[in-house]
>>> print(open('entry.txt').read())   # compact mmCIF, C-alpha atoms
# COMPACT_ATOMS: atom_id res chain seq x y z
CA MET A 1 0.00 0.00 0.00
CA VAL A 2 1.29 3.42 -0.92
CA ARG A 3 2.16 5.81 1.90
CA ALA A 4 1.14 9.48 1.74
CA TRP A 5 1.60 12.14 4.39
CA PHE A 6 1.56 15.89 4.91
CA MET A 7 4.90 17.63 4.71
CA ASP A 8 5.75 20.66 6.80
CA SER A 9 6.31 23.99 5.10
CA GLU A 10 10.04 24.27 5.78
CA PRO A 11 12.25 24.32 2.69
CA THR A 12 14.04 21.02 2.32
CA ASP A 13 16.60 19.28 0.19
CA GLN A 14 14.73 17.23 -2.38
CA ARG A 15 16.10 13.90 -1.18
CA LEU A 16 15.26 14.32 2.49
CA GLU A 17 12.16 12.71 3.93
CA HIS A 18 11.14 15.99 5.57
CA GLN A 19 7.79 15.72 7.28
CA LEU A 20 5.74 16.75 10.26
CA ASP A 21 6.68 15.04 13.50
CA PRO A 22 4.80 12.81 13.96
CA PRO A 23 3.69 12.45 10.34
CA GLN A 24 0.00 12.81 9.53
CA PHE A 25 -0.76 10.02 7.05
CA LEU A 26 -3.60 9.87 4.53
CA ASN A 27 -5.16 6.71 3.16
CA THR A 28 -5.76 6.36 -0.59
CA ASP A 29 -9.40 7.48 -0.32
CA GLU A 30 -8.39 10.67 1.52
CA LEU A 31 -5.61 11.27 -1.01
CA PHE A 32 -8.06 10.92 -3.90
CA LYS A 33 -10.77 13.10 -2.34
CA SER A 34 -8.36 15.92 -1.46
CA THR A 35 -6.22 15.90 -4.64
CA GLY A 36 -7.69 13.62 -7.32
CA VAL A 37 -4.56 11.41 -7.27
CA GLU A 38 -5.52 7.79 -7.96
CA TYR A 39 -3.63 4.72 -6.78
CA PHE A 40 -3.54 1.10 -8.00
CA LYS A 41 -1.45 -1.78 -6.67
CA ILE A 42 0.08 -3.80 -9.53
CA ASN A 43 1.77 -7.20 -9.20
CA ILE A 44 5.15 -6.58 -10.86
CA PRO A 45 6.04 -10.25 -11.55
CA THR A 46 2.79 -10.71 -13.52
CA TYR A 47 1.85 -7.17 -14.62
CA ASP A 48 2.34 -7.91 -18.30
CA SER A 49 0.14 -11.04 -18.27
CA ASP A 50 -2.45 -10.89 -15.45
CA GLY A 51 -4.76 -8.40 -17.21
CA VAL A 52 -4.99 -5.85 -14.37
CA LEU A 53 -2.79 -3.21 -15.99
CA GLU A 54 -4.22 -3.96 -19.42
CA LYS A 55 -7.74 -3.26 -18.12
CA ILE A 56 -6.64 0.09 -16.59
CA ARG A 57 -4.92 1.02 -19.86
CA LYS A 58 -7.98 0.09 -21.93
CA ASP A 59 -10.49 1.79 -19.61
CA ARG A 60 -8.47 5.04 -19.58
CA GLY A 61 -7.34 5.01 -23.22
CA TYR A 62 -3.60 4.77 -22.57
CA SER A 63 -2.19 3.88 -25.96
CA TYR A 64 1.47 4.86 -25.63
CA GLU A 65 4.09 3.82 -23.09
CA ASP A 66 7.76 4.20 -22.46
CA GLU A 67 10.16 3.48 -19.63
CA ILE A 68 12.44 5.75 -17.65
CA THR A 69 15.26 4.93 -15.27
CA CYS A 70 16.43 7.72 -12.97
CA SER A 71 19.87 7.17 -11.51
CA LYS A 72 23.29 8.80 -11.82
CA GLU A 73 24.36 6.01 -14.17
CA CYS A 74 21.29 6.03 -16.43
CA LEU A 75 20.05 9.61 -16.68
CA THR A 76 21.91 12.12 -18.81
CA ASP A 77 22.52 15.42 -16.99
CA TYR A 78 21.30 13.77 -13.77
CA GLU A 79 21.61 16.72 -11.33
CA ASN A 80 19.83 19.20 -13.62
CA LYS A 81 17.09 16.69 -14.48
CA LEU A 82 16.41 16.13 -10.78
CA LYS A 83 16.22 19.89 -10.22
CA ASN A 84 13.73 20.16 -13.09
CA PHE A 85 11.63 17.25 -11.78
CA PHE A 86 11.57 18.90 -8.33
CA THR A 87 10.48 22.32 -9.61
CA GLU A 88 6.77 22.75 -8.87
CA HIS A 89 4.81 22.42 -12.11
CA LEU A 90 1.69 21.05 -13.79
CA HIS A 91 0.90 19.26 -17.06
CA THR A 92 -1.96 19.47 -19.52
CA ASP A 93 -2.33 15.65 -19.40
CA GLU A 94 -2.45 13.11 -16.58
CA GLU A 95 0.89 11.87 -15.29
CA ILE A 96 0.79 8.08 -15.01
CA ARG A 97 3.64 6.13 -13.42
CA LEU A 98 4.03 2.44 -12.68
CA VAL A 99 7.10 1.83 -10.53
CA LEU A 100 8.91 -1.31 -11.68
CA ASP A 101 11.90 -1.04 -9.34
CA GLY A 102 13.37 1.39 -6.86
CA SER A 103 11.50 4.18 -5.10
CA GLY A 104 10.87 7.90 -4.96
CA TYR A 105 8.44 10.63 -3.97
CA PHE A 106 5.75 12.57 -5.75
CA ASP A 107 4.69 15.71 -3.89
CA VAL A 108 1.27 17.15 -4.75
CA ARG A 109 -0.50 20.31 -3.60
CA ARG A 110 -3.76 19.92 -1.76
CA TYR A 111 -6.63 22.45 -2.17
CA ASP A 112 -5.21 24.54 0.70
CA ASP A 113 -1.69 24.49 -0.85
CA ALA A 114 -0.35 22.00 1.71
CA TRP A 115 2.21 19.56 0.31
CA ILE A 116 1.36 15.87 0.44
CA ARG A 117 4.28 13.51 -0.12
CA ILE A 118 3.48 10.21 -1.84
CA GLU A 119 6.08 7.49 -1.48
CA VAL A 120 6.13 5.13 -4.47
CA ILE A 121 7.81 1.73 -4.59
CA ALA A 122 7.73 -1.23 -6.99
CA GLY A 123 4.13 -2.15 -7.82
CA ASP A 124 2.67 1.30 -7.18
CA LEU A 125 0.78 2.89 -10.06
CA ILE A 126 -0.30 6.47 -9.49
CA ILE A 127 -2.27 8.79 -11.71
CA ILE A 128 -1.71 12.47 -11.07
CA PRO A 129 -4.50 14.55 -12.65
CA SER A 130 -3.76 17.24 -15.20
CA GLY A 131 -3.70 20.73 -13.74
CA ILE A 132 -2.47 19.83 -10.23
CA TYR A 133 0.76 21.36 -9.01
CA HIS A 134 3.29 18.66 -8.22
CA ARG A 135 6.96 17.66 -8.25
CA PHE A 136 9.06 14.50 -8.12
CA THR A 137 12.26 13.50 -6.38
CA LEU A 138 14.23 10.38 -5.65
CA ASP A 139 14.69 9.10 -2.13
CA SER A 140 18.09 8.38 -0.60
CA LYS A 141 18.53 5.25 -2.78
CA ASN A 142 18.75 7.52 -5.86
CA PHE A 143 17.12 4.97 -8.17
CA ILE A 144 13.74 4.41 -9.76
CA LYS A 145 12.64 2.55 -12.88
CA ALA A 146 9.12 3.29 -14.07
CA LYS A 147 6.71 2.89 -16.96
CA ARG A 148 5.05 6.06 -18.22
CA TYR A 149 1.67 5.90 -19.95
CA PHE A 150 -0.04 8.41 -22.21
CA VAL A 151 -3.23 8.88 -24.21
CA GLY A 152 -1.92 9.15 -27.78
CA GLU A 153 1.51 10.55 -28.53
CA PRO A 154 3.03 12.11 -25.43
CA VAL A 155 3.02 15.86 -25.08
CA TRP A 156 5.26 16.18 -22.09
CA LEU A 157 5.72 19.81 -21.20
CA PRO A 158 5.95 21.01 -17.61
CA TYR A 159 4.44 24.42 -16.88
CA ASN A 160 6.09 25.87 -13.80
CA ARG A 161 4.03 27.60 -11.16
CA PRO A 162 2.34 30.05 -11.52
CA ALA A 163 0.19 28.62 -14.31
CA ASP A 164 -3.22 29.39 -12.84
CA GLU A 165 -4.64 30.82 -16.07
CA MET A 166 -4.15 27.58 -18.01
CA GLU A 167 -7.35 25.74 -18.96
CA CYS A 168 -6.12 22.47 -17.42
CA ARG A 169 -5.60 24.25 -14.08
CA LYS A 170 -9.06 25.84 -14.18
CA HIS A 171 -10.60 22.46 -15.08
CA TYR A 172 -8.72 20.76 -12.23
CA LEU A 173 -9.99 23.34 -9.72
CA GLU A 174 -13.57 22.86 -11.02
CA ARG A 175 -13.24 19.08 -10.54
CA LEU A 176 -11.77 19.61 -7.07
CA GLU A 177 -14.64 21.93 -6.12
CA ALA A 178 -17.25 19.45 -7.43
CA GLY A 179 -15.56 16.54 -5.68
CA PHE A 180 -13.65 13.78 -7.40
CA ALA A 181 -15.70 10.69 -8.26
CA GLY A 182 -14.17 7.21 -8.48
>>> encode(input="entry.txt", output="structure tokens")
Amino acid sequence: MVRAWFMDSEPTDQRLEHQLDPPQFLNTDELFKSTGVEYFKINIPTYDSDGVLEKIRKDRGYSYEDEITCSKECLTDYENKLKNFFTEHLHTDEEIRLVLDGSGYFDVRRYDDAWIRIEVIAGDLIIIPSGIYHRFTLDSKNFIKAKRYFVGEPVWLPYNRPADEMECRKHYLERLEAGFAG
């Protein structure tokens, strides 16, 4: 099961597990209701044959996939890429990640601008809605291997905050106000 918790507002190095003491955890229902982030547990040894991931892909129209490995050895311009991933931004499309190996953190902004840190490990599939401010960082292991899924050809542009006038942001806030439905 994925772990998610509120972070405090102190600035922190991206690889530290900075949090309130004691941490205030959220379950996946609370995470979804307060941010729209969806979570699925996937069995990594059988994900390509058990039909669970295929059903999610079909139901949501994910037609394109690729794979990314983030580590000093595998990622060109590693330090700058991590800085870019950790810069608060949004996308015009959902961000879908299935962690195959390793671990890391996605931080998302709640309606009141509080940061929620989502720890992802192998088998975690998260869907971050378009228009939500978020960021990503590795944990102290400095390694993650993940599948990325897209509807159609990927348009993968981050729009750094502030981007409140973008249609995807306005639509996200409307969905948040109306309440996310499963």
>>> atom_distance(input="entry.txt", atom1="atom CA of Leu138 of chain A", atom2="atom CA of Cys74 of chain A")
13.6 Å
>>> residues_around(input="entry.txt", residues="segment 121-137 of chain A", least_positions_apart="6", cutoff="9 Å", atoms="all atoms listed in the file", output="number ranges by chain")
A: 1-2, 14-15, 35-44, 47, 82-110, 115, 144-146, 160-161, 163-164, 166-173
>>> atom_distance(input="entry.txt", atom1="atom CA of Lys141 of chain A", atom2="atom CA of Cys70 of chain A")
10.7 Å
>>> atom_distance(input="entry.txt", atom1="atom CA of Asp48 of chain A", atom2="atom CA of Lys81 of chain A")
28.9 Å
>>> residues_around(input="entry.txt", residues="Arg60 of chain A", least_positions_apart="5", cutoff="10 Å", atoms="only C-alpha atoms", output="mmCIF file with C-alpha atoms, in the coordinates of the input")
data_model
loop_
_atom_site.group_PDB
_atom_site.id
_atom_site.type_symbol
_atom_site.label_atom_id
_atom_site.label_comp_id
_atom_site.auth_asym_id
_atom_site.auth_seq_id
_atom_site.Cartn_x
_atom_site.Cartn_y
_atom_site.Cartn_z
ATOM 1 C CA GLU A 54 -4.220 -3.960 -19.420
ATOM 2 C CA LYS A 55 -7.740 -3.260 -18.120
ATOM 3 C CA PHE A 150 -0.040 8.410 -22.210
ATOM 4 C CA VAL A 151 -3.230 8.880 -24.210
#
>>> closest_residue(input="entry.txt", among="A:Pro158, A:Asn142, A:Gly152, A:Glu174", to="Glu79 of chain A", atoms="all atoms listed in the file")
A:Asn142
>>> build_atoms(input="entry.txt", residues="segment 121-151 of chain A", atoms="N, CA and C atoms", output="PDB file, in the frame of the given file")
ATOM      1  N   ILE A 121       6.863   2.846  -4.523  1.00  0.00           N
ATOM      2  CA  ILE A 121       7.810   1.730  -4.590  1.00  0.00           C
ATOM      3  C   ILE A 121       7.322   0.774  -5.691  1.00  0.00           C
ATOM      4  N   ALA A 122       8.086  -0.266  -5.944  1.00  0.00           N
ATOM      5  CA  ALA A 122       7.730  -1.230  -6.990  1.00  0.00           C
ATOM      6  C   ALA A 122       6.303  -1.743  -6.779  1.00  0.00           C
ATOM      7  N   GLY A 123       5.519  -1.699  -7.857  1.00  0.00           N
ATOM      8  CA  GLY A 123       4.130  -2.150  -7.820  1.00  0.00           C
ATOM      9  C   GLY A 123       3.125  -1.031  -7.645  1.00  0.00           C
ATOM     10  N   ASP A 124       3.583   0.168  -7.338  1.00  0.00           N
ATOM     11  CA  ASP A 124       2.670   1.300  -7.180  1.00  0.00           C
ATOM     12  C   ASP A 124       2.435   1.955  -8.539  1.00  0.00           C
ATOM     13  N   LEU A 125       1.166   2.129  -8.880  1.00  0.00           N
ATOM     14  CA  LEU A 125       0.780   2.890 -10.060  1.00  0.00           C
ATOM     15  C   LEU A 125      -0.025   4.082  -9.564  1.00  0.00           C
ATOM     16  N   ILE A 126       0.452   5.278  -9.875  1.00  0.00           N
ATOM     17  CA  ILE A 126      -0.300   6.470  -9.490  1.00  0.00           C
ATOM     18  C   ILE A 126      -0.647   7.267 -10.735  1.00  0.00           C
ATOM     19  N   ILE A 127      -1.795   7.930 -10.639  1.00  0.00           N
ATOM     20  CA  ILE A 127      -2.270   8.790 -11.710  1.00  0.00           C
ATOM     21  C   ILE A 127      -2.477  10.168 -11.104  1.00  0.00           C
ATOM     22  N   ILE A 128      -1.654  11.102 -11.544  1.00  0.00           N
ATOM     23  CA  ILE A 128      -1.710  12.470 -11.070  1.00  0.00           C
ATOM     24  C   ILE A 128      -2.531  13.262 -12.097  1.00  0.00           C
ATOM     25  N   PRO A 129      -3.633  13.886 -11.682  1.00  0.00           N
ATOM     26  CA  PRO A 129      -4.500  14.550 -12.650  1.00  0.00           C
ATOM     27  C   PRO A 129      -3.831  15.756 -13.314  1.00  0.00           C
ATOM     28  N   SER A 130      -4.260  16.047 -14.531  1.00  0.00           N
ATOM     29  CA  SER A 130      -3.760  17.240 -15.200  1.00  0.00           C
ATOM     30  C   SER A 130      -4.198  18.466 -14.401  1.00  0.00           C
ATOM     31  N   GLY A 131      -3.352  19.484 -14.396  1.00  0.00           N
ATOM     32  CA  GLY A 131      -3.700  20.730 -13.740  1.00  0.00           C
ATOM     33  C   GLY A 131      -3.343  20.840 -12.275  1.00  0.00           C
ATOM     34  N   ILE A 132      -2.865  19.756 -11.641  1.00  0.00           N
ATOM     35  CA  ILE A 132      -2.470  19.830 -10.230  1.00  0.00           C
ATOM     36  C   ILE A 132      -0.981  20.170 -10.160  1.00  0.00           C
ATOM     37  N   TYR A 133      -0.650  21.049  -9.235  1.00  0.00           N
ATOM     38  CA  TYR A 133       0.760  21.360  -9.010  1.00  0.00           C
ATOM     39  C   TYR A 133       1.416  20.183  -8.293  1.00  0.00           C
ATOM     40  N   HIS A 134       2.592  19.804  -8.784  1.00  0.00           N
ATOM     41  CA  HIS A 134       3.290  18.660  -8.220  1.00  0.00           C
ATOM     42  C   HIS A 134       4.781  18.750  -8.534  1.00  0.00           C
ATOM     43  N   ARG A 135       5.528  17.783  -7.990  1.00  0.00           N
ATOM     44  CA  ARG A 135       6.960  17.660  -8.250  1.00  0.00           C
ATOM     45  C   ARG A 135       7.364  16.225  -7.932  1.00  0.00           C
ATOM     46  N   PHE A 136       8.559  15.847  -8.351  1.00  0.00           N
ATOM     47  CA  PHE A 136       9.060  14.500  -8.120  1.00  0.00           C
ATOM     48  C   PHE A 136      10.500  14.572  -7.642  1.00  0.00           C
ATOM     49  N   THR A 137      10.869  13.643  -6.776  1.00  0.00           N
ATOM     50  CA  THR A 137      12.260  13.500  -6.380  1.00  0.00           C
ATOM     51  C   THR A 137      12.542  12.047  -6.010  1.00  0.00           C
ATOM     52  N   LEU A 138      13.791  11.700  -6.097  1.00  0.00           N
ATOM     53  CA  LEU A 138      14.230  10.380  -5.650  1.00  0.00           C
ATOM     54  C   LEU A 138      14.388  10.383  -4.138  1.00  0.00           C
ATOM     55  N   ASP A 139      14.362   9.200  -3.550  1.00  0.00           N
ATOM     56  CA  ASP A 139      14.690   9.100  -2.130  1.00  0.00           C
ATOM     57  C   ASP A 139      16.188   8.868  -2.007  1.00  0.00           C
ATOM     58  N   SER A 140      16.652   8.507  -0.839  1.00  0.00           N
ATOM     59  CA  SER A 140      18.090   8.380  -0.600  1.00  0.00           C
ATOM     60  C   SER A 140      18.747   7.249  -1.382  1.00  0.00           C
ATOM     61  N   LYS A 141      17.965   6.335  -1.955  1.00  0.00           N
ATOM     62  CA  LYS A 141      18.530   5.250  -2.780  1.00  0.00           C
ATOM     63  C   LYS A 141      18.922   5.739  -4.167  1.00  0.00           C
ATOM     64  N   ASN A 142      18.403   6.898  -4.574  1.00  0.00           N
ATOM     65  CA  ASN A 142      18.750   7.520  -5.860  1.00  0.00           C
ATOM     66  C   ASN A 142      18.520   6.608  -7.064  1.00  0.00           C
ATOM     67  N   PHE A 143      17.425   5.859  -7.044  1.00  0.00           N
ATOM     68  CA  PHE A 143      17.120   4.970  -8.170  1.00  0.00           C
ATOM     69  C   PHE A 143      15.631   4.700  -8.266  1.00  0.00           C
ATOM     70  N   ILE A 144      15.104   4.842  -9.472  1.00  0.00           N
ATOM     71  CA  ILE A 144      13.740   4.410  -9.760  1.00  0.00           C
ATOM     72  C   ILE A 144      13.663   4.033 -11.239  1.00  0.00           C
ATOM     73  N   LYS A 145      12.919   2.984 -11.512  1.00  0.00           N
ATOM     74  CA  LYS A 145      12.640   2.550 -12.880  1.00  0.00           C
ATOM     75  C   LYS A 145      11.118   2.488 -12.986  1.00  0.00           C
ATOM     76  N   ALA A 146      10.573   3.195 -13.974  1.00  0.00           N
ATOM     77  CA  ALA A 146       9.120   3.290 -14.070  1.00  0.00           C
ATOM     78  C   ALA A 146       8.637   3.281 -15.508  1.00  0.00           C
ATOM     79  N   LYS A 147       7.429   2.780 -15.693  1.00  0.00           N
ATOM     80  CA  LYS A 147       6.710   2.890 -16.960  1.00  0.00           C
ATOM     81  C   LYS A 147       5.931   4.193 -16.914  1.00  0.00           C
ATOM     82  N   ARG A 148       5.871   4.853 -18.073  1.00  0.00           N
ATOM     83  CA  ARG A 148       5.050   6.060 -18.220  1.00  0.00           C
ATOM     84  C   ARG A 148       4.004   5.755 -19.282  1.00  0.00           C
ATOM     85  N   TYR A 149       2.769   6.160 -19.022  1.00  0.00           N
ATOM     86  CA  TYR A 149       1.670   5.900 -19.950  1.00  0.00           C
ATOM     87  C   TYR A 149       1.038   7.211 -20.383  1.00  0.00           C
ATOM     88  N   PHE A 150       0.547   7.213 -21.619  1.00  0.00           N
ATOM     89  CA  PHE A 150      -0.040   8.410 -22.210  1.00  0.00           C
ATOM     90  C   PHE A 150      -1.247   8.039 -23.056  1.00  0.00           C
ATOM     91  N   VAL A 151      -2.151   8.997 -23.230  1.00  0.00           N
ATOM     92  CA  VAL A 151      -3.230   8.880 -24.210  1.00  0.00           C
ATOM     93  C   VAL A 151      -2.686   9.485 -25.494  1.00  0.00           C
TER      94      VAL A 151
END
